[in-house]
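The next block is start_5.tsv, given as TSV, C-alpha atoms.
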chain	number	residue	atom	x	y	z
W	1	ARG	CA	14.49	69.57	102.46
W	2	ALA	CA	15.07	68.15	105.93
W	3	THR	CA	18.23	66.44	104.74
W	4	THR	CA	19.47	69.58	103.08
W	5	SER	CA	18.77	71.65	106.16
W	6	LEU	CA	20.60	69.13	108.30
W	7	HIS	CA	23.68	68.95	106.11
W	8	ARG	CA	24.24	72.71	105.77
W	9	PRO	CA	24.93	73.31	109.47
W	10	ARG	CA	27.28	70.35	109.46
W	11	ARG	CA	29.22	71.87	106.57
W	12	SER	CA	29.48	75.24	108.23
W	13	ALA	CA	30.46	73.59	111.47
W	14	SER	CA	33.19	71.54	109.78
W	15	ARG	CA	34.40	74.61	107.95
W	16	ALA	CA	34.41	76.57	111.20
W	17	GLU	CA	36.32	73.76	112.87
W	18	GLY	CA	38.85	73.76	110.03
W	19	GLU	CA	39.32	77.53	110.28
W	20	ARG	CA	39.57	77.27	114.05
W	21	GLY	CA	42.20	74.57	113.71
W	22	ALA	CA	44.20	76.61	111.20
W	23	THR	CA	43.97	79.63	113.49
W	24	MET	CA	45.12	77.58	116.44
W	25	GLN	CA	48.05	76.22	114.42
W	26	PHE	CA	48.97	79.73	113.32
W	27	CYS	CA	48.67	81.03	116.87
W	28	GLY	CA	50.64	78.08	118.12
W	29	ALA	CA	53.46	78.93	115.73
W	30	ILE	CA	53.38	82.53	116.97
W	31	GLY	CA	53.39	81.31	120.54
W	32	ARG	CA	56.39	79.08	119.91
W	33	ALA	CA	58.25	81.95	118.30
W	34	GLN	CA	57.41	84.16	121.25
W	35	VAL	CA	58.52	81.47	123.69
W	36	LEU	CA	61.88	81.33	121.92
W	37	ARG	CA	62.20	85.12	122.14
W	38	GLY	CA	60.69	85.73	125.56
W	39	SER	CA	61.94	85.42	129.10
W	40	LYS	CA	60.70	83.14	131.90
W	41	GLY	CA	58.33	85.70	133.37
W	42	SER	CA	56.86	86.99	130.11
W	43	ASP	CA	53.32	86.31	128.94
W	44	ALA	CA	54.66	84.77	125.74
W	45	VAL	CA	56.14	81.87	127.73
W	46	ARG	CA	52.78	81.13	129.37
W	47	GLY	CA	51.12	81.13	125.94
W	48	LEU	CA	48.96	84.21	126.54
W	49	GLY	CA	47.88	86.65	123.85
W	50	TYR	CA	47.47	84.12	121.01
W	51	GLU	CA	44.16	85.50	119.80
W	52	ARG	CA	45.40	89.07	119.94
W	53	ASP	CA	48.46	88.18	117.87
W	54	ALA	CA	46.35	86.27	115.36
W	55	ASN	CA	44.02	89.22	114.84
W	56	HIS	CA	46.98	91.52	114.48
W	57	CYS	CA	48.53	89.23	111.86
W	58	LYS	CA	45.27	89.08	109.91
W	59	LEU	CA	45.02	92.87	109.85
W	60	HIS	CA	48.64	93.09	108.76
W	61	LYS	CA	48.00	90.65	105.90
W	62	LEU	CA	44.97	92.64	104.72
W	63	HIS	CA	46.97	95.86	104.84
W	64	GLN	CA	49.82	94.26	102.90
W	65	ARG	CA	47.41	93.01	100.22
W	66	GLY	CA	46.05	96.53	99.80
W	67	GLN	CA	49.57	97.94	99.41
W	68	ASP	CA	50.47	95.29	96.83
W	69	ALA	CA	47.35	96.07	94.83
W	70	SER	CA	48.11	99.81	94.84
W	71	LEU	CA	51.66	99.11	93.72
W	72	ARG	CA	50.42	96.94	90.86
W	73	ARG	CA	48.03	99.67	89.74
W	74	GLY	CA	50.82	102.28	89.91
W	75	ALA	CA	53.21	100.02	87.99
W	76	GLY	CA	50.61	99.44	85.31
W	77	SER	CA	50.02	103.14	84.84
W	78	ARG	CA	53.76	103.85	84.63
W	79	THR	CA	54.22	101.02	82.15
W	80	ARG	CA	51.51	102.47	79.95
W	81	ALA	CA	53.20	105.87	80.19
W	82	GLY	CA	56.37	104.33	78.81
W	83	PHE	CA	58.57	104.26	81.95
W	84	GLY	CA	58.38	100.56	82.76
W	85	SER	CA	58.73	98.76	86.07
W	86	ALA	CA	62.40	99.71	86.34
W	87	ALA	CA	61.44	103.35	86.97
W	88	ARG	CA	59.88	102.34	90.27
W	89	ARG	CA	63.21	101.03	91.54
W	90	LEU	CA	65.16	104.12	90.46
W	91	VAL	CA	66.35	106.11	93.48
W	92	THR	CA	67.62	109.65	93.05
W	93	LYS	CA	69.90	110.96	95.80
W	94	MET	CA	71.45	114.34	96.45
W	95	PRO	CA	75.03	114.32	95.10
W	96	VAL	CA	77.71	115.08	97.68
W	97	ALA	CA	80.93	115.89	95.88
W	98	VAL	CA	83.40	118.64	95.13
W	99	PRO	CA	81.65	121.41	93.13
W	100	ARG	CA	82.64	121.80	89.49
W	101	VAL	CA	83.32	125.19	87.96
W	102	PRO	CA	84.02	126.32	84.37
W	103	TYR	CA	87.69	126.88	83.56
W	104	ARG	CA	89.34	128.14	80.40
W	105	THR	CA	92.60	126.43	79.50
W	106	PRO	CA	95.33	128.98	78.77
W	107	GLN	CA	96.90	127.09	75.85
W	108	GLU	CA	93.83	125.96	73.92
W	109	GLY	CA	91.34	128.58	75.09
W	110	ASN	CA	88.57	126.02	75.51
W	111	TRP	CA	86.13	126.04	78.40
W	112	GLN	CA	85.76	122.88	80.42
W	113	TRP	CA	84.21	121.83	83.71
W	114	VAL	CA	86.76	120.97	86.40
W	115	ASP	CA	86.44	120.44	90.15
W	116	LEU	CA	87.03	123.42	92.40
W	117	TRP	CA	90.33	122.24	93.90
W	118	ASN	CA	91.79	121.47	90.48
W	119	CYS	CA	90.82	124.95	89.32
W	120	LEU	CA	92.52	126.50	92.36
W	121	TYR	CA	95.65	124.43	91.75
W	122	ARG	CA	95.83	125.78	88.22
W	123	GLU	CA	95.63	129.28	89.66
W	124	ARG	CA	98.54	128.38	91.99
W	125	ILE	CA	96.35	128.41	95.12
W	126	ILE	CA	96.71	125.61	97.69
W	127	PHE	CA	94.40	124.98	100.64
W	128	VAL	CA	95.49	123.32	103.88
W	129	GLY	CA	92.24	122.60	105.69
W	130	GLN	CA	93.20	119.69	107.94
W	131	GLY	CA	96.07	118.40	110.03
W	132	ILE	CA	99.22	117.65	108.09
W	133	THR	CA	99.44	113.88	107.72
W	134	GLU	CA	101.90	111.80	105.76
W	135	GLU	CA	99.48	111.35	102.85
W	136	LEU	CA	98.49	115.02	102.72
W	137	GLY	CA	102.12	116.09	103.05
W	138	ASN	CA	103.12	113.98	100.05
W	139	GLN	CA	100.29	115.44	97.97
W	140	LEU	CA	101.22	119.01	98.89
W	141	VAL	CA	104.91	118.44	98.21
W	142	GLY	CA	104.17	116.96	94.78
W	143	THR	CA	101.79	119.81	93.92
W	144	LEU	CA	104.29	122.47	94.97
W	145	LEU	CA	107.10	120.89	92.97
W	146	TYR	CA	104.95	120.64	89.84
W	147	LEU	CA	103.65	124.20	90.05
W	148	ASP	CA	107.15	125.53	90.66
W	149	SER	CA	108.42	123.70	87.56
W	150	VAL	CA	105.69	125.24	85.40
W	151	SER	CA	106.19	128.86	86.43
W	152	GLN	CA	108.01	130.96	89.03
W	153	LYS	CA	105.01	133.10	89.93
W	154	ASP	CA	103.98	133.41	93.57
W	155	LEU	CA	102.37	130.36	95.17
W	156	GLN	CA	99.57	131.04	97.64
W	157	MET	CA	98.90	128.70	100.55
W	158	TYR	CA	95.71	129.24	102.57
W	159	ILE	CA	95.89	127.61	106.01
W	160	ASN	CA	92.93	126.89	108.29
W	161	THR	CA	93.38	123.98	110.67
W	162	CYS	CA	93.20	123.67	114.43
W	163	GLU	CA	94.63	120.14	114.38
W	164	GLY	CA	98.18	121.19	113.60
W	165	GLY	CA	99.73	118.08	112.16
W	166	GLU	CA	102.49	115.54	112.43
W	167	ILE	CA	106.04	116.78	112.85
W	168	VAL	CA	107.84	114.85	110.11
W	169	PRO	CA	105.40	115.65	107.22
W	170	SER	CA	105.24	119.28	108.34
W	171	LEU	CA	109.03	119.59	108.33
W	172	ALA	CA	109.15	117.94	104.91
W	173	LEU	CA	106.68	120.54	103.65
W	174	TYR	CA	108.78	123.31	105.24
W	175	ASP	CA	111.94	122.08	103.52
W	176	THR	CA	110.07	121.97	100.19
W	177	MET	CA	108.87	125.55	100.65
W	178	ARG	CA	112.48	126.65	101.24
W	179	HIS	CA	113.62	124.73	98.15
W	180	LEU	CA	111.17	126.32	95.71
W	181	LYS	CA	112.24	129.08	93.36
W	182	SER	CA	108.80	130.70	93.60
W	183	ASP	CA	107.88	132.90	96.52
W	184	MET	CA	105.45	131.31	98.97
W	185	VAL	CA	102.57	133.52	100.12
W	186	THR	CA	100.95	132.13	103.27
W	187	VAL	CA	97.49	133.32	104.34
W	188	GLY	CA	96.04	132.27	107.69
W	189	PHE	CA	92.32	132.35	108.40
W	190	GLY	CA	89.99	130.64	110.87
W	191	GLY	CA	92.28	128.74	113.21
W	192	VAL	CA	96.02	128.22	112.70
W	193	MET	CA	97.53	126.16	115.50
W	194	GLY	CA	100.56	124.02	116.16
W	195	MET	CA	102.54	122.99	113.10
W	196	ALA	CA	100.08	124.92	110.93
W	197	ALA	CA	101.25	128.12	112.63
W	198	PHE	CA	104.84	127.04	111.99
W	199	LEU	CA	104.03	126.72	108.27
W	200	LEU	CA	102.30	130.09	108.31
W	201	THR	CA	105.47	131.67	109.71
W	202	SER	CA	107.60	129.81	107.15
W	203	GLY	CA	106.32	131.79	104.16
W	204	THR	CA	108.40	134.30	102.28
W	205	LYS	CA	109.13	137.34	104.44
W	206	GLY	CA	106.85	140.22	103.60
W	207	LYS	CA	104.22	137.83	102.20
W	208	ARG	CA	102.94	136.21	105.39
W	209	LEU	CA	99.35	137.39	105.73
W	210	CYS	CA	96.51	136.79	108.14
W	211	LEU	CA	92.84	137.73	108.33
W	212	GLY	CA	91.48	139.88	111.11
W	213	HIS	CA	89.79	137.23	113.30
W	214	THR	CA	92.27	134.37	113.00
W	215	ARG	CA	93.24	132.36	116.07
W	216	ILE	CA	96.96	131.60	116.14
W	217	MET	CA	98.58	129.21	118.60
W	218	MET	CA	102.23	128.22	118.59
W	219	HIS	CA	104.08	125.63	120.66
W	220	LEU	CA	107.12	123.44	120.40
W	221	PRO	CA	106.72	119.68	119.88
W	222	ALA	CA	106.44	117.48	122.94
W	223	GLY	CA	106.24	113.73	123.41
W	224	THR	CA	106.39	110.79	125.76
W	225	ALA	CA	108.64	107.74	125.83
W	226	ARG	CA	108.47	104.35	127.50
W	227	GLY	CA	110.65	101.30	127.63
W	228	SER	CA	114.22	100.88	128.70
W	229	SER	CA	116.35	103.80	129.83
W	230	THR	CA	118.35	103.64	126.60
W	231	ASP	CA	115.22	103.86	124.44
W	232	MET	CA	113.87	106.74	126.50
W	233	TRP	CA	117.16	108.62	126.20
W	234	ASN	CA	117.22	108.13	122.41
W	235	GLU	CA	113.65	109.45	122.07
W	236	THR	CA	114.45	112.44	124.30
W	237	ARG	CA	117.59	113.26	122.35
W	238	GLU	CA	115.71	113.12	119.03
W	239	LEU	CA	112.95	115.37	120.40
W	240	LEU	CA	115.49	117.91	121.62
W	241	ARG	CA	117.18	117.84	118.19
W	242	ILE	CA	113.88	118.60	116.44
W	243	ARG	CA	113.17	121.39	118.93
W	244	GLY	CA	116.56	122.93	118.22
W	245	TYR	CA	115.93	122.76	114.47
W	246	MET	CA	112.54	124.45	114.82
W	247	LEU	CA	113.97	127.12	117.13
W	248	ASP	CA	116.64	127.86	114.55
W	249	CYS	CA	113.99	128.21	111.82
W	250	LEU	CA	111.77	130.42	113.98
W	251	GLU	CA	114.74	132.62	114.88
W	252	LYS	CA	115.34	133.31	111.19
W	253	GLN	CA	111.66	133.94	110.46
W	254	THR	CA	110.72	136.04	113.49
W	255	GLY	CA	113.96	137.75	114.52
W	256	GLN	CA	113.51	136.66	118.15
W	257	SER	CA	116.27	134.96	120.14
W	258	GLN	CA	116.15	131.24	120.73
W	259	GLU	CA	116.03	131.76	124.51
W	260	LYS	CA	112.90	133.89	124.19
W	261	LEU	CA	111.33	131.46	121.72
W	262	LEU	CA	112.01	128.51	124.02
W	263	LYS	CA	110.52	130.34	126.98
W	264	ASP	CA	107.42	131.51	125.09
W	265	PHE	CA	106.64	128.31	123.18
W	266	SER	CA	107.33	125.71	125.86
W	267	ARG	CA	103.56	125.89	126.47
W	268	ASN	CA	100.64	126.77	124.23
W	269	THR	CA	100.90	130.48	123.40
W	270	TYR	CA	97.93	132.19	121.72
W	271	PHE	CA	98.20	135.25	119.52
W	272	THR	CA	95.77	137.67	118.01
W	273	PRO	CA	96.63	138.81	114.47
W	274	GLU	CA	97.96	142.10	115.88
W	275	THR	CA	100.18	140.47	118.52
W	276	ALA	CA	101.38	137.91	115.97
W	277	GLU	CA	102.42	140.77	113.68
W	278	GLU	CA	104.28	142.46	116.55
W	279	TYR	CA	106.01	139.20	117.48
W	280	GLY	CA	107.14	138.60	113.90
W	281	LEU	CA	105.08	135.53	113.07
W	282	ILE	CA	103.29	137.33	110.23
W	283	ASP	CA	103.91	140.48	108.23
W	284	GLN	CA	100.47	141.97	107.61
W	285	VAL	CA	96.88	141.70	108.82
W	286	LEU	CA	94.39	141.84	105.96
W	287	ARG	CA	91.46	144.21	106.51
W	288	PRO	CA	88.30	144.68	104.41
W	289	ARG	CA	88.68	147.28	101.73
W	290	ARG	CA	86.76	150.47	102.33
W	291	LYS	CA	84.43	151.59	99.58
W	292	ALA	CA	84.91	154.96	97.95
W	293	GLY	CA	83.35	157.81	99.91
W	294	LYS	CA	83.25	155.95	103.24
Would you write out, as structure tokens, the structure that this file holds?
Amino acid sequence: RATTSLHRPRRSASRAEGERGATMQFCGAIGRAQVLRGSKGSDAVRGLGYERDANHCKLHKLHQRGQDASLRRGAGSRTRAGFGSAARRLVTKMPVAVPRVPYRTPQEGNWQWVDLWNCLYRERIIFVGQGITEELGNQLVGTLLYLDSVSQKDLQMYINTCEGGEIVPSLALYDTMRHLKSDMVTVGFGGVMGMAAFLLTSGTKGKRLCLGHTRIMMHLPAGTARGSSTDMWNETRELLRIRGYMLDCLEKQTGQSQEKLLKDFSRNTYFTPETAEEYGLIDQVLRPRRKAGK
């Protein structure tokens, strides 16, 4: 009995020493990691806080074991239900895409789901909701040419962009609108500024419409040049040529003289729908229809 009683404390003491040594090694590893991350004046460099970090790591390990056990129990229940472990990794997200609407094909008479823009294209409606870039200009030109080849009904272009657009793609779109056999109905809403206002004015006369609270801003293109005097003169001459071309187009569309257009559009000029109609930029301001008896 005496021998047994003497050996038990020795075992517990050796076990305690072993655990203390493992803890010190673990804390030492944490301390070295903190020394690598810390600065000269931090406590991690002086080796402080080892015991606190060790206790925190132990609690973190216990918490992680509890989470793993709960996940295993949940996976087992789902496996018994017939879903399997793959169902736990399945993530369902909210789809962000163009809405799809039912559309009936005129030739076959079948209903099919198509995206909203495709449905509007088939109804000969085109939206311009951003600045005219080279890529967007090519898409719009191709769409207009295709729709004009299918039928000569009116094409409707809805414009809402405050960015305006680049000059060359916008002029290419203007030339395409003049080339079409179909009449081009332009409808401005929201904000129509810069080259977008030029396209709004370029619609077929009598079919240039605008909603009641649209902001319209028109100006002539401007630019800067740098380099040698010859390069600067070439850029200036090209800019003046484009200005003259746009003034000629606006004179035909608005009925105003080029001198007045140059004076008014040398700077940003804002119009309300009513003043734009008086100036000749548009032909009609659309108002809400009144109900019967009101």
Hey, what's within 9 Å of Thr204 in chain W if we count only C-alpha atoms and toss same-chain stuff fewer than 5 positions away? As a PDB file with C-alpha atoms, keeping the file's coordinate frame, please?
ATOM      1  CA  MET W 177     108.870 125.550 100.650  1.00  0.00           C
ATOM      2  CA  ARG W 178     112.480 126.650 101.240  1.00  0.00           C
ATOM      3  CA  ASP W 183     107.880 132.900  96.520  1.00  0.00           C
ATOM      4  CA  MET W 184     105.450 131.310  98.970  1.00  0.00           C
ATOM      5  CA  VAL W 185     102.570 133.520 100.120  1.00  0.00           C
ATOM      6  CA  THR W 186     100.950 132.130 103.270  1.00  0.00           C
ATOM      7  CA  GLN W 253     111.660 133.940 110.460  1.00  0.00           C
TER       8      GLN W 253
END
Residues within 8 Å of range 268-272 of chain W, please, as a PyMOL selection string. Count only C-alpha atoms; anything in the same chain fewer than 6 positions from it doesn't count.
chain W and resi 213-219
Output for the residues just chosen: C-alpha atoms as a tab-separated table (two decimals), in the frame of the given file:
chain	number	residue	atom	x	y	z
W	213	HIS	CA	89.79	137.23	113.30
W	214	THR	CA	92.27	134.37	113.00
W	215	ARG	CA	93.24	132.36	116.07
W	216	ILE	CA	96.96	131.60	116.14
W	217	MET	CA	98.58	129.21	118.60
W	218	MET	CA	102.23	128.22	118.59
W	219	HIS	CA	104.08	125.63	120.66
Taking all listed atoms of range 198-205 of chain W, build the axis-aligned box, pad each of the six sides by 8 Å, then write its centre and edge lengths in Å to one decimal as lines of an AutoDock Vina configuration file.
center_x = 105.7
center_y = 132.0
center_z = 107.1
size_x = 22.8
size_y = 26.6
size_z = 25.7
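Coordinates place CA of Val128 in chain W at a distance of 16.7 Å from CA of Asp115 in chain W.
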Which residues, written as a ChimeraX atom specification, have at least one atom at most 10 Å from Leu239 in chain W, with all atoms listed in the file counted and residues fewer than 5 positions away on the same chain left out?
/W:220-224,233-234,244-245
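If you look at CA of Pro99 in chain W and CA of Leu116 in chain W, they are 5.8 Å away from each other.
Proximity ranking of W:Ile167, W:Val98, W:Leu211, W:Leu155 relative to Gly191 in chain W places W:Leu211 first, based on all atoms listed in the file.
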Between CA of Leu262 in chain W and CA of Val168 in chain W, measure the distance and give it in Å to one decimal.
19.9 Å
Using only C-alpha atoms, collect all residues at a distance of at most 10 Å from (100.7, 131.9, 101.2) as written in the file, then present them as a VMD selection string.
chain W and resid 125 to 127 154 to 159 183 to 188 199 to 204 207 to 210
Considering only C-alpha atoms, return as a ChimeraX atom specification whatever protein or nucleic-acid residues lie within 7 Å of Glu166 in chain W, sequence-local ones (same chain, fewer than 4 positions apart) excluded.
/W:132-133,170
